[in-house]
$ cat model_9.pdb   # PDB, C-alpha atoms and all ligand atoms
ATOM      1  CA  MET A   1      43.720   3.922  79.863  1.00  0.00           C
ATOM      2  CA  PRO A   2      44.574   7.026  77.819  1.00  0.00           C
ATOM      3  CA  VAL A   3      44.313   7.272  74.071  1.00  0.00           C
ATOM      4  CA  ILE A   4      47.568   6.313  72.322  1.00  0.00           C
ATOM      5  CA  GLU A   5      48.964   8.234  69.349  1.00  0.00           C
ATOM      6  CA  LEU A   6      50.668   5.576  67.217  1.00  0.00           C
ATOM      7  CA  THR A   7      52.040   7.927  64.604  1.00  0.00           C
ATOM      8  CA  GLN A   8      51.038  11.455  63.683  1.00  0.00           C
ATOM      9  CA  ASN A   9      47.226  11.702  63.595  1.00  0.00           C
ATOM     10  CA  VAL A  10      46.665   7.968  63.989  1.00  0.00           C
ATOM     11  CA  PHE A  11      45.293   6.941  67.381  1.00  0.00           C
ATOM     12  CA  LEU A  12      44.568   3.612  69.034  1.00  0.00           C
ATOM     13  CA  PHE A  13      41.319   3.235  70.971  1.00  0.00           C
ATOM     14  CA  LYS A  14      42.004   0.183  73.095  1.00  0.00           C
ATOM     15  CA  THR A  15      39.175  -0.748  75.427  1.00  0.00           C
ATOM     16  CA  SER A  16      38.893  -4.298  76.729  1.00  0.00           C
ATOM     17  CA  ASP A  17      40.190  -7.664  75.639  1.00  0.00           C
ATOM     18  CA  LEU A  18      36.707  -8.540  74.375  1.00  0.00           C
ATOM     19  CA  SER A  19      36.588  -5.614  71.993  1.00  0.00           C
ATOM     20  CA  CYS A  20      38.729  -5.071  68.921  1.00  0.00           C
ATOM     21  CA  ASN A  21      41.375  -2.404  68.510  1.00  0.00           C
ATOM     22  CA  ALA A  22      39.757   0.648  66.952  1.00  0.00           C
ATOM     23  CA  PHE A  23      41.885   3.211  65.133  1.00  0.00           C
ATOM     24  CA  LEU A  24      41.105   6.868  64.670  1.00  0.00           C
ATOM     25  CA  ILE A  25      42.604   8.622  61.681  1.00  0.00           C
ATOM     26  CA  LYS A  26      42.461  12.362  62.058  1.00  0.00           C
ATOM     27  CA  GLY A  27      42.413  13.820  58.586  1.00  0.00           C
ATOM     28  CA  LYS A  28      42.469  17.470  57.569  1.00  0.00           C
ATOM     29  CA  GLU A  29      38.823  17.495  56.504  1.00  0.00           C
ATOM     30  CA  LYS A  30      37.385  14.440  58.192  1.00  0.00           C
ATOM     31  CA  ASN A  31      37.931  11.926  60.952  1.00  0.00           C
ATOM     32  CA  VAL A  32      37.641   8.249  60.209  1.00  0.00           C
ATOM     33  CA  LEU A  33      37.524   5.177  62.421  1.00  0.00           C
ATOM     34  CA  ILE A  34      38.717   1.750  61.423  1.00  0.00           C
ATOM     35  CA  ASP A  35      36.341  -0.626  63.250  1.00  0.00           C
ATOM     36  CA  SER A  36      34.467   0.442  66.376  1.00  0.00           C
ATOM     37  CA  GLY A  37      34.014  -2.305  68.960  1.00  0.00           C
ATOM     38  CA  THR A  38      31.522  -3.934  71.295  1.00  0.00           C
ATOM     39  CA  ILE A  39      28.630  -2.071  72.928  1.00  0.00           C
ATOM     40  CA  THR A  40      30.663  -1.724  76.134  1.00  0.00           C
ATOM     41  CA  SER A  41      33.399   0.154  74.304  1.00  0.00           C
ATOM     42  CA  MET A  42      31.047   3.098  73.628  1.00  0.00           C
ATOM     43  CA  LYS A  43      31.806   4.643  77.006  1.00  0.00           C
ATOM     44  CA  PRO A  44      35.612   4.464  76.738  1.00  0.00           C
ATOM     45  CA  HIS A  45      35.358   5.739  73.160  1.00  0.00           C
ATOM     46  CA  THR A  46      33.542   8.809  74.479  1.00  0.00           C
ATOM     47  CA  GLU A  47      36.401   9.392  76.921  1.00  0.00           C
ATOM     48  CA  PHE A  48      39.053   8.949  74.215  1.00  0.00           C
ATOM     49  CA  LEU A  49      37.260  11.428  71.959  1.00  0.00           C
ATOM     50  CA  LYS A  50      37.008  13.946  74.795  1.00  0.00           C
ATOM     51  CA  GLU A  51      40.760  13.677  75.306  1.00  0.00           C
ATOM     52  CA  LEU A  52      41.224  14.631  71.661  1.00  0.00           C
ATOM     53  CA  ASN A  53      38.685  17.453  71.859  1.00  0.00           C
ATOM     54  CA  LEU A  54      36.330  15.579  69.585  1.00  0.00           C
ATOM     55  CA  ARG A  55      32.737  14.395  69.857  1.00  0.00           C
ATOM     56  CA  ALA A  56      31.185  11.279  68.375  1.00  0.00           C
ATOM     57  CA  ASP A  57      29.495  13.453  65.745  1.00  0.00           C
ATOM     58  CA  ASP A  58      32.907  14.560  64.496  1.00  0.00           C
ATOM     59  CA  ILE A  59      33.514  11.057  63.099  1.00  0.00           C
ATOM     60  CA  SER A  60      32.177  11.003  59.559  1.00  0.00           C
ATOM     61  CA  LEU A  61      33.077   7.492  58.442  1.00  0.00           C
ATOM     62  CA  ILE A  62      33.685   4.051  59.923  1.00  0.00           C
ATOM     63  CA  LEU A  63      35.567   1.556  57.781  1.00  0.00           C
ATOM     64  CA  HIS A  64      35.147  -2.065  58.868  1.00  0.00           C
ATOM     65  CA  THR A  65      37.668  -4.836  58.393  1.00  0.00           C
ATOM     66  CA  HIS A  66      34.893  -7.472  58.597  1.00  0.00           C
ATOM     67  CA  GLY A  67      31.377  -8.117  59.808  1.00  0.00           C
ATOM     68  CA  HIS A  68      31.744  -9.704  63.245  1.00  0.00           C
ATOM     69  CA  TYR A  69      29.833  -8.049  66.089  1.00  0.00           C
ATOM     70  CA  ASP A  70      32.875  -6.952  68.082  1.00  0.00           C
ATOM     71  CA  HIS A  71      33.875  -4.677  65.191  1.00  0.00           C
ATOM     72  CA  PHE A  72      30.611  -2.822  64.597  1.00  0.00           C
ATOM     73  CA  GLN A  73      28.449  -2.757  67.743  1.00  0.00           C
ATOM     74  CA  ALA A  74      29.904   0.539  68.918  1.00  0.00           C
ATOM     75  CA  ASP A  75      28.935   2.122  65.566  1.00  0.00           C
ATOM     76  CA  LYS A  76      25.791   2.985  67.517  1.00  0.00           C
ATOM     77  CA  LEU A  77      27.662   5.827  69.211  1.00  0.00           C
ATOM     78  CA  TYR A  78      28.487   7.467  65.882  1.00  0.00           C
ATOM     79  CA  GLU A  79      25.137   8.762  64.689  1.00  0.00           C
ATOM     80  CA  LYS A  80      26.539  11.076  61.996  1.00  0.00           C
ATOM     81  CA  ALA A  81      28.944   8.544  60.503  1.00  0.00           C
ATOM     82  CA  LYS A  82      28.629   6.516  57.317  1.00  0.00           C
ATOM     83  CA  PHE A  83      29.450   2.816  57.579  1.00  0.00           C
ATOM     84  CA  PHE A  84      31.483   0.977  54.943  1.00  0.00           C
ATOM     85  CA  LEU A  85      32.136  -2.768  54.742  1.00  0.00           C
ATOM     86  CA  SER A  86      32.810  -5.385  52.048  1.00  0.00           C
ATOM     87  CA  GLU A  87      29.805  -6.572  50.062  1.00  0.00           C
ATOM     88  CA  PHE A  88      29.995 -10.192  51.230  1.00  0.00           C
ATOM     89  CA  ASP A  89      30.013  -9.362  54.946  1.00  0.00           C
ATOM     90  CA  SER A  90      27.468  -6.534  54.453  1.00  0.00           C
ATOM     91  CA  LYS A  91      24.913  -8.990  53.079  1.00  0.00           C
ATOM     92  CA  HIS A  92      25.067 -10.938  56.326  1.00  0.00           C
ATOM     93  CA  LEU A  93      24.561  -7.767  58.365  1.00  0.00           C
ATOM     94  CA  GLU A  94      21.646  -6.780  56.175  1.00  0.00           C
ATOM     95  CA  GLN A  95      20.074 -10.198  56.727  1.00  0.00           C
ATOM     96  CA  GLU A  96      20.873  -9.892  60.449  1.00  0.00           C
ATOM     97  CA  ASN A  97      22.471 -13.324  60.295  1.00  0.00           C
ATOM     98  CA  PRO A  98      23.171 -14.166  63.951  1.00  0.00           C
ATOM     99  CA  GLU A  99      25.596 -16.976  63.218  1.00  0.00           C
ATOM    100  CA  PHE A 100      27.713 -14.960  60.784  1.00  0.00           C
ATOM    101  CA  THR A 101      27.833 -11.795  62.885  1.00  0.00           C
ATOM    102  CA  ARG A 102      28.267 -13.832  66.089  1.00  0.00           C
ATOM    103  CA  ARG A 103      25.345 -11.999  67.616  1.00  0.00           C
ATOM    104  CA  THR A 104      25.438 -11.694  71.384  1.00  0.00           C
ATOM    105  CA  LYS A 105      22.639 -11.187  73.878  1.00  0.00           C
ATOM    106  CA  GLU A 106      20.154  -8.294  73.445  1.00  0.00           C
ATOM    107  CA  PRO A 107      20.241  -5.390  72.835  1.00  0.00           C
ATOM    108  CA  PHE A 108      22.053  -5.750  69.548  1.00  0.00           C
ATOM    109  CA  PHE A 109      22.833  -3.066  67.017  1.00  0.00           C
ATOM    110  CA  TYR A 110      23.148  -3.636  63.274  1.00  0.00           C
ATOM    111  CA  PRO A 111      24.400  -0.515  61.482  1.00  0.00           C
ATOM    112  CA  LYS A 112      22.961   0.293  58.077  1.00  0.00           C
ATOM    113  CA  ILE A 113      25.853  -0.174  55.655  1.00  0.00           C
ATOM    114  CA  ASN A 114      26.094   2.825  53.311  1.00  0.00           C
ATOM    115  CA  SER A 115      28.635   1.509  50.837  1.00  0.00           C
ATOM    116  CA  TYR A 116      30.418  -1.714  49.887  1.00  0.00           C
ATOM    117  CA  LEU A 117      34.199  -1.577  49.885  1.00  0.00           C
ATOM    118  CA  LYS A 118      35.901  -3.081  46.846  1.00  0.00           C
ATOM    119  CA  GLU A 119      39.395  -4.394  46.181  1.00  0.00           C
ATOM    120  CA  ASN A 120      41.824  -1.556  45.271  1.00  0.00           C
ATOM    121  CA  GLN A 121      39.319   1.163  46.156  1.00  0.00           C
ATOM    122  CA  VAL A 122      41.070   4.140  47.739  1.00  0.00           C
ATOM    123  CA  ILE A 123      39.511   6.084  50.604  1.00  0.00           C
ATOM    124  CA  GLU A 124      41.013   9.556  50.852  1.00  0.00           C
ATOM    125  CA  VAL A 125      41.454  10.904  54.373  1.00  0.00           C
ATOM    126  CA  ASN A 126      43.785  13.779  53.520  1.00  0.00           C
ATOM    127  CA  PRO A 127      46.778  13.384  53.855  1.00  0.00           C
ATOM    128  CA  PHE A 128      46.190   9.623  54.130  1.00  0.00           C
ATOM    129  CA  SER A 129      45.086   7.375  51.252  1.00  0.00           C
ATOM    130  CA  LEU A 130      43.701   4.066  52.416  1.00  0.00           C
ATOM    131  CA  LYS A 131      43.662   1.322  49.808  1.00  0.00           C
ATOM    132  CA  VAL A 132      41.314  -1.616  50.240  1.00  0.00           C
ATOM    133  CA  ILE A 133      42.980  -5.006  50.033  1.00  0.00           C
ATOM    134  CA  SER A 134      40.705  -7.998  49.891  1.00  0.00           C
ATOM    135  CA  THR A 135      41.960 -10.625  52.369  1.00  0.00           C
ATOM    136  CA  PRO A 136      39.451 -13.472  52.708  1.00  0.00           C
ATOM    137  CA  GLY A 137      40.065 -16.127  55.327  1.00  0.00           C
ATOM    138  CA  HIS A 138      38.797 -14.986  58.719  1.00  0.00           C
ATOM    139  CA  THR A 139      35.559 -14.160  56.902  1.00  0.00           C
ATOM    140  CA  LYS A 140      35.103 -14.238  53.137  1.00  0.00           C
ATOM    141  CA  GLY A 141      34.641 -10.466  53.053  1.00  0.00           C
ATOM    142  CA  SER A 142      37.579  -9.578  55.319  1.00  0.00           C
ATOM    143  CA  ILE A 143      39.648  -6.639  54.140  1.00  0.00           C
ATOM    144  CA  CYS A 144      42.766  -4.751  55.142  1.00  0.00           C
ATOM    145  CA  PHE A 145      43.582  -1.084  54.577  1.00  0.00           C
ATOM    146  CA  TYR A 146      47.024  -0.093  53.313  1.00  0.00           C
ATOM    147  CA  GLU A 147      48.483   3.397  53.409  1.00  0.00           C
ATOM    148  CA  GLU A 148      51.302   3.298  50.915  1.00  0.00           C
ATOM    149  CA  ASN A 149      53.142   6.524  51.752  1.00  0.00           C
ATOM    150  CA  LYS A 150      53.311   5.875  55.480  1.00  0.00           C
ATOM    151  CA  LYS A 151      53.574   2.117  54.927  1.00  0.00           C
ATOM    152  CA  MET A 152      50.810   1.425  57.412  1.00  0.00           C
ATOM    153  CA  LEU A 153      48.692  -1.712  57.244  1.00  0.00           C
ATOM    154  CA  PHE A 154      45.446  -2.037  59.195  1.00  0.00           C
ATOM    155  CA  SER A 155      45.209  -5.811  59.181  1.00  0.00           C
ATOM    156  CA  GLY A 156      41.894  -6.477  60.948  1.00  0.00           C
ATOM    157  CA  TYR A 157      41.670 -10.108  62.023  1.00  0.00           C
ATOM    158  CA  THR A 158      43.840 -11.425  59.199  1.00  0.00           C
ATOM    159  CA  LEU A 159      47.279 -10.874  60.709  1.00  0.00           C
ATOM    160  CA  PHE A 160      48.470 -10.178  64.252  1.00  0.00           C
ATOM    161  CA  PHE A 161      51.752 -10.177  66.158  1.00  0.00           C
ATOM    162  CA  HIS A 162      53.005 -13.777  65.850  1.00  0.00           C
ATOM    163  CA  THR A 163      49.621 -15.178  64.889  1.00  0.00           C
ATOM    164  CA  ILE A 164      46.808 -15.191  62.332  1.00  0.00           C
ATOM    165  CA  GLY A 165      43.017 -14.896  62.440  1.00  0.00           C
ATOM    166  CA  ARG A 166      40.876 -17.923  63.223  1.00  0.00           C
ATOM    167  CA  THR A 167      39.278 -19.582  60.222  1.00  0.00           C
ATOM    168  CA  ASP A 168      36.752 -21.923  61.857  1.00  0.00           C
ATOM    169  CA  LEU A 169      33.810 -19.486  61.801  1.00  0.00           C
ATOM    170  CA  GLN A 170      31.141 -19.129  59.095  1.00  0.00           C
ATOM    171  CA  SER A 171      32.728 -18.409  55.675  1.00  0.00           C
ATOM    172  CA  GLY A 172      36.247 -18.775  57.142  1.00  0.00           C
ATOM    173  CA  SER A 173      38.925 -20.602  55.154  1.00  0.00           C
ATOM    174  CA  PHE A 174      42.451 -21.565  56.106  1.00  0.00           C
ATOM    175  CA  SER A 175      43.656 -21.833  52.508  1.00  0.00           C
ATOM    176  CA  GLU A 176      42.246 -18.375  51.790  1.00  0.00           C
ATOM    177  CA  ILE A 177      43.881 -16.754  54.812  1.00  0.00           C
ATOM    178  CA  LYS A 178      47.201 -18.305  53.759  1.00  0.00           C
ATOM    179  CA  ASN A 179      46.877 -16.715  50.320  1.00  0.00           C
ATOM    180  CA  SER A 180      45.826 -13.434  51.905  1.00  0.00           C
ATOM    181  CA  ILE A 181      48.838 -13.351  54.234  1.00  0.00           C
ATOM    182  CA  GLN A 182      51.126 -14.222  51.327  1.00  0.00           C
ATOM    183  CA  LYS A 183      49.654 -11.226  49.456  1.00  0.00           C
ATOM    184  CA  LEU A 184      50.173  -8.933  52.468  1.00  0.00           C
ATOM    185  CA  SER A 185      53.771 -10.102  52.888  1.00  0.00           C
ATOM    186  CA  GLU A 186      54.573  -8.588  49.500  1.00  0.00           C
ATOM    187  CA  LEU A 187      53.789  -5.103  50.825  1.00  0.00           C
ATOM    188  CA  GLU A 188      56.313  -2.833  52.459  1.00  0.00           C
ATOM    189  CA  ILE A 189      55.077  -2.421  56.026  1.00  0.00           C
ATOM    190  CA  GLU A 190      56.513  -0.053  58.593  1.00  0.00           C
ATOM    191  CA  PHE A 191      53.491  -0.121  60.902  1.00  0.00           C
ATOM    192  CA  LEU A 192      51.197  -3.090  61.417  1.00  0.00           C
ATOM    193  CA  PHE A 193      47.967  -2.087  63.143  1.00  0.00           C
ATOM    194  CA  PRO A 194      46.074  -5.311  63.853  1.00  0.00           C
ATOM    195  CA  GLY A 195      42.509  -5.620  65.070  1.00  0.00           C
ATOM    196  CA  HIS A 196      43.706  -7.210  68.267  1.00  0.00           C
ATOM    197  CA  GLY A 197      46.875  -7.224  70.351  1.00  0.00           C
ATOM    198  CA  LYS A 198      50.004  -5.181  69.935  1.00  0.00           C
ATOM    199  CA  VAL A 199      51.108  -3.098  67.000  1.00  0.00           C
ATOM    200  CA  ILE A 200      54.362  -3.884  65.191  1.00  0.00           C
ATOM    201  CA  GLN A 201      56.676  -1.057  64.204  1.00  0.00           C
ATOM    202  CA  GLY A 202      59.642  -1.300  61.866  1.00  0.00           C
ATOM    203  CA  LEU A 203      60.244  -2.792  58.400  1.00  0.00           C
ATOM    204  CA  LYS A 204      62.535  -5.476  59.770  1.00  0.00           C
ATOM    205  CA  GLU A 205      60.176  -6.345  62.633  1.00  0.00           C
ATOM    206  CA  ASN A 206      57.306  -6.760  60.190  1.00  0.00           C
ATOM    207  CA  GLN A 207      59.352  -8.974  57.865  1.00  0.00           C
ATOM    208  CA  GLU A 208      60.258 -11.107  60.874  1.00  0.00           C
ATOM    209  CA  ASN A 209      56.607 -11.328  61.852  1.00  0.00           C
ATOM    210  CA  PHE A 210      55.704 -12.682  58.394  1.00  0.00           C
ATOM    211  CA  LYS A 211      58.578 -15.140  58.650  1.00  0.00           C
ATOM    212  CA  PHE A 212      57.382 -16.317  62.064  1.00  0.00           C
ATOM    213  CA  VAL A 213      53.771 -16.663  60.961  1.00  0.00           C
ATOM    214  CA  LYS A 214      54.671 -18.593  57.788  1.00  0.00           C
ATOM    215  CA  ALA A 215      56.999 -20.931  59.692  1.00  0.00           C
ATOM    216  CA  ASN A 216      54.479 -21.650  62.435  1.00  0.00           C
ATOM    217  CA  PHE A 217      51.096 -21.661  60.725  1.00  0.00           C
ATOM    218  CA  PHE A 218      51.595 -22.564  57.040  1.00  0.00           C
TER     219      PHE A 218
HETATM  220 ZN    ZN A 301      36.176 -11.530  63.607  1.00  0.00          ZN
END
$ encode --input "model_9.pdb" --output "C-alpha cells" --more "lines below"
Ligand SMILES: [Zn+2]
Amino acid sequence: MPVIELTQNVFLFKTSDLSCNAFLIKGKEKNVLIDSGTITSMKPHTEFLKELNLRADDISLILHTHGHYDHFQADKLYEKAKFFLSEFDSKHLEQENPEFTRRTKEPFFYPKINSYLKENQVIEVNPFSLKVISTPGHTKGSICFYEENKKMLFSGYTLFFHTIGRTDLQSGSFSEIKNSIQKLSELEIEFLFPGHGKVIQGLKENQENFKFVKANFF
C-alpha cells in the first residue's frame, strides 16, 4: 500500500489492521509523527519514508495520543526522535506496566518518554501548530491534537468514524469519554484523523459524525 497524502504535508502511514494509523506531518524545519504502531509496522514505515525521500532519522519527534503498545512499539525505528506523551500514561510506560500498556509477547520496546504533554500546550511544526487537548476516557491520559488553522483533529482512540474508543481497559471511563467527545464536538473540524479506520473530511460530515456518535453511544 502506498503512502497517502491526506492534505498538504500530512501523510497517513496505514499498515495493518492490528496497528494504529500513524500520521506524518512534514514541517519546514522538522518532521513529526503522531503515533507509530506495532513492531511489525516498522518495515512498512521504512517503505513509506523511502517513498517520501526520508529516512527514519529525519523524524525528530513522535507525539503519542495514549500509552497502549500499538501506538508506540514502532518508536524503536526512530532512534533520533524525541517521544512525547501525557504524564498519566507516561508513568505507566516508565513502570513498564504490562496491563496498562497491553504488553504483547517478547521482544517488547518501551520508549523513554522525553516530555509530558499538557492540556493546551502547543507544539509548533511550522506551518502547523498542534494544540494538546486532554480527552480522558480510552485511557486517563488520552489526548488529541488540534490544528486550528487547518481545522484538523488527530483524535487518537477517542473518536472514530461512527464510533468511539473502548473504555473497558485499565483507567478507561465511559463517562469521561462522553465528556471528552462533547468537548471535541465544540471544535470546528474539517479533517478528522482518527487512530484507526477511515478519515472524515468536511465540516458537515464531521458534524454528522458527532450527531451519529451521540445518538448511538450516549
Ligand atoms: Zn488504545
$ closest_residue --input "model_9.pdb" --among "A:Glu51, A:Glu188, A:Glu99, A:Glu87" --to "ligand ZN 301 (chain A)" --atoms "all atoms listed in the file"
A:Glu99
$ residues_near_ligand --input "model_9.pdb" --ligand "ligand ZN 301 (chain A)" --cutoff "8 Å" --atoms "all atoms listed in the file" --output "list in words"
His66, Gly67, His68, Tyr69, Asp70, His71, His138, Thr139, Tyr157, Gly165 and Arg166 of chain A
$ write_last_selection --input "model_9.pdb" --atoms "C-alpha atoms" --output "JSON list (two decimals), keeping the file's coordinate frame"
[["chain", "number", "residue", "atom", "x", "y", "z"],
["A", 66, "HIS", "CA", 34.89, -7.47, 58.60],
["A", 67, "GLY", "CA", 31.38, -8.12, 59.81],
["A", 68, "HIS", "CA", 31.74, -9.70, 63.24],
["A", 69, "TYR", "CA", 29.83, -8.05, 66.09],
["A", 70, "ASP", "CA", 32.88, -6.95, 68.08],
["A", 71, "HIS", "CA", 33.88, -4.68, 65.19],
["A", 138, "HIS", "CA", 38.80, -14.99, 58.72],
["A", 139, "THR", "CA", 35.56, -14.16, 56.90],
["A", 157, "TYR", "CA", 41.67, -10.11, 62.02],
["A", 165, "GLY", "CA", 43.02, -14.90, 62.44],
["A", 166, "ARG", "CA", 40.88, -17.92, 63.22]]
$ residues_near_point --input "model_9.pdb" --point "(43.9, 7.0, 47.4)" --cutoff "12 Å" --atoms "all atoms listed in the file" --output "JSON list (two decimals) with C-alpha atoms, keeping the file's coordinate frame"
[["chain", "number", "residue", "atom", "x", "y", "z"],
["A", 120, "ASN", "CA", 41.82, -1.56, 45.27],
["A", 121, "GLN", "CA", 39.32, 1.16, 46.16],
["A", 122, "VAL", "CA", 41.07, 4.14, 47.74],
["A", 123, "ILE", "CA", 39.51, 6.08, 50.60],
["A", 124, "GLU", "CA", 41.01, 9.56, 50.85],
["A", 125, "VAL", "CA", 41.45, 10.90, 54.37],
["A", 126, "ASN", "CA", 43.78, 13.78, 53.52],
["A", 127, "PRO", "CA", 46.78, 13.38, 53.86],
["A", 128, "PHE", "CA", 46.19, 9.62, 54.13],
["A", 129, "SER", "CA", 45.09, 7.38, 51.25],
["A", 130, "LEU", "CA", 43.70, 4.07, 52.42],
["A", 131, "LYS", "CA", 43.66, 1.32, 49.81],
["A", 132, "VAL", "CA", 41.31, -1.62, 50.24],
["A", 145, "PHE", "CA", 43.58, -1.08, 54.58],
["A", 146, "TYR", "CA", 47.02, -0.09, 53.31],
["A", 147, "GLU", "CA", 48.48, 3.40, 53.41],
["A", 148, "GLU", "CA", 51.30, 3.30, 50.92],
["A", 149, "ASN", "CA", 53.14, 6.52, 51.75]]
$ resolve_selection --input "model_9.pdb" --expression "the PyMOL selection byres (((chain A and resi 214) around 10) and not hetatm)" --output "tab-separated table (two decimals) with C-alpha atoms, in the frame of the given file"
chain	number	residue	atom	x	y	z
A	162	HIS	CA	53.00	-13.78	65.85
A	163	THR	CA	49.62	-15.18	64.89
A	164	ILE	CA	46.81	-15.19	62.33
A	178	LYS	CA	47.20	-18.30	53.76
A	181	ILE	CA	48.84	-13.35	54.23
A	182	GLN	CA	51.13	-14.22	51.33
A	185	SER	CA	53.77	-10.10	52.89
A	208	GLU	CA	60.26	-11.11	60.87
A	209	ASN	CA	56.61	-11.33	61.85
A	210	PHE	CA	55.70	-12.68	58.39
A	211	LYS	CA	58.58	-15.14	58.65
A	212	PHE	CA	57.38	-16.32	62.06
A	213	VAL	CA	53.77	-16.66	60.96
A	215	ALA	CA	57.00	-20.93	59.69
A	216	ASN	CA	54.48	-21.65	62.44
A	217	PHE	CA	51.10	-21.66	60.72
A	218	PHE	CA	51.60	-22.56	57.04
$ resolve_selection --input "model_9.pdb" --expression "the PyMOL selection byres (((chain A and resi 190) around 10) and not hetatm)" --output "short mmCIF file (atom, residue, chain, number, x, y, z; two decimals) with C-alpha atoms, keeping the file's coordinate frame"
data_model
loop_
_atom_site.label_atom_id
_atom_site.label_comp_id
_atom_site.auth_asym_id
_atom_site.auth_seq_id
_atom_site.Cartn_x
_atom_site.Cartn_y
_atom_site.Cartn_z
CA GLU A 148 51.30 3.30 50.92
CA LYS A 150 53.31 5.88 55.48
CA LYS A 151 53.57 2.12 54.93
CA MET A 152 50.81 1.42 57.41
CA LEU A 153 48.69 -1.71 57.24
CA LEU A 187 53.79 -5.10 50.82
CA GLU A 188 56.31 -2.83 52.46
CA ILE A 189 55.08 -2.42 56.03
CA PHE A 191 53.49 -0.12 60.90
CA LEU A 192 51.20 -3.09 61.42
CA PHE A 193 47.97 -2.09 63.14
CA ILE A 200 54.36 -3.88 65.19
CA GLN A 201 56.68 -1.06 64.20
CA GLY A 202 59.64 -1.30 61.87
CA LEU A 203 60.24 -2.79 58.40
CA LYS A 204 62.54 -5.48 59.77
CA GLU A 205 60.18 -6.34 62.63
CA ASN A 206 57.31 -6.76 60.19
CA GLN A 207 59.35 -8.97 57.86
#
$ residues_around --input "model_9.pdb" --residues "A:Lys43" --least-positions-apart "5" --cutoff "10 Å" --atoms "only C-alpha atoms" --output "PyMOL selection string"
chain A and resi 15+48+74+77
$ resolve_selection --input "model_9.pdb" --expression "the PyMOL selection byres (((chain A and resi 39) around 8) and not hetatm)" --output "PyMOL selection string"
chain A and resi 37-38+40-42+73-74+76
$ atom_distance --input "model_9.pdb" --atom1 "atom CA of A:Cys144" --atom2 "atom CA of A:Gly197"
15.9 Å
$ build_atoms --input "model_9.pdb" --residues "stretch 98-114 of chain A" --atoms "N, CA and C atoms" --output "short mmCIF file (atom, residue, chain, number, x, y, z; two decimals), in the coordinates of the input"
data_model
loop_
_atom_site.label_atom_id
_atom_site.label_comp_id
_atom_site.auth_asym_id
_atom_site.auth_seq_id
_atom_site.Cartn_x
_atom_site.Cartn_y
_atom_site.Cartn_z
N PRO A 98 22.56 -14.11 62.63
CA PRO A 98 23.17 -14.17 63.95
C PRO A 98 24.41 -15.05 64.00
N GLU A 99 24.43 -16.09 63.17
CA GLU A 99 25.60 -16.98 63.22
C GLU A 99 26.81 -16.28 62.60
N PHE A 100 26.59 -15.64 61.45
CA PHE A 100 27.71 -14.96 60.78
C PHE A 100 28.27 -13.83 61.64
N THR A 101 27.37 -12.98 62.15
CA THR A 101 27.83 -11.80 62.88
C THR A 101 28.24 -12.13 64.32
N ARG A 102 27.97 -13.36 64.74
CA ARG A 102 28.27 -13.83 66.09
C ARG A 102 27.50 -12.98 67.11
N ARG A 103 26.22 -12.82 66.80
CA ARG A 103 25.34 -12.00 67.62
C ARG A 103 25.36 -12.43 69.08
N THR A 104 25.42 -11.44 69.94
CA THR A 104 25.44 -11.69 71.38
C THR A 104 24.05 -11.41 71.94
N LYS A 105 23.94 -11.41 73.24
CA LYS A 105 22.64 -11.19 73.88
C LYS A 105 22.11 -9.79 73.55
N GLU A 106 20.79 -9.59 73.71
CA GLU A 106 20.15 -8.29 73.44
C GLU A 106 20.69 -7.24 74.41
N PRO A 107 20.62 -5.97 74.13
CA PRO A 107 20.24 -5.39 72.83
C PRO A 107 21.39 -5.51 71.84
N PHE A 108 21.03 -5.58 70.58
CA PHE A 108 22.05 -5.75 69.55
C PHE A 108 21.84 -4.70 68.47
N PHE A 109 22.93 -4.14 68.00
CA PHE A 109 22.83 -3.07 67.02
C PHE A 109 23.44 -3.48 65.68
N TYR A 110 22.64 -3.43 64.63
CA TYR A 110 23.15 -3.64 63.27
C TYR A 110 23.18 -2.28 62.56
N PRO A 111 24.37 -1.78 62.23
CA PRO A 111 24.40 -0.52 61.48
C PRO A 111 23.88 -0.72 60.06
N LYS A 112 23.37 0.35 59.48
CA LYS A 112 22.96 0.29 58.08
C LYS A 112 24.20 0.60 57.24
N ILE A 113 24.63 -0.37 56.44
CA ILE A 113 25.85 -0.17 55.66
C ILE A 113 25.56 0.75 54.47
N ASN A 114 26.35 1.83 54.36
CA ASN A 114 26.09 2.82 53.31
C ASN A 114 26.79 2.51 52.00
#
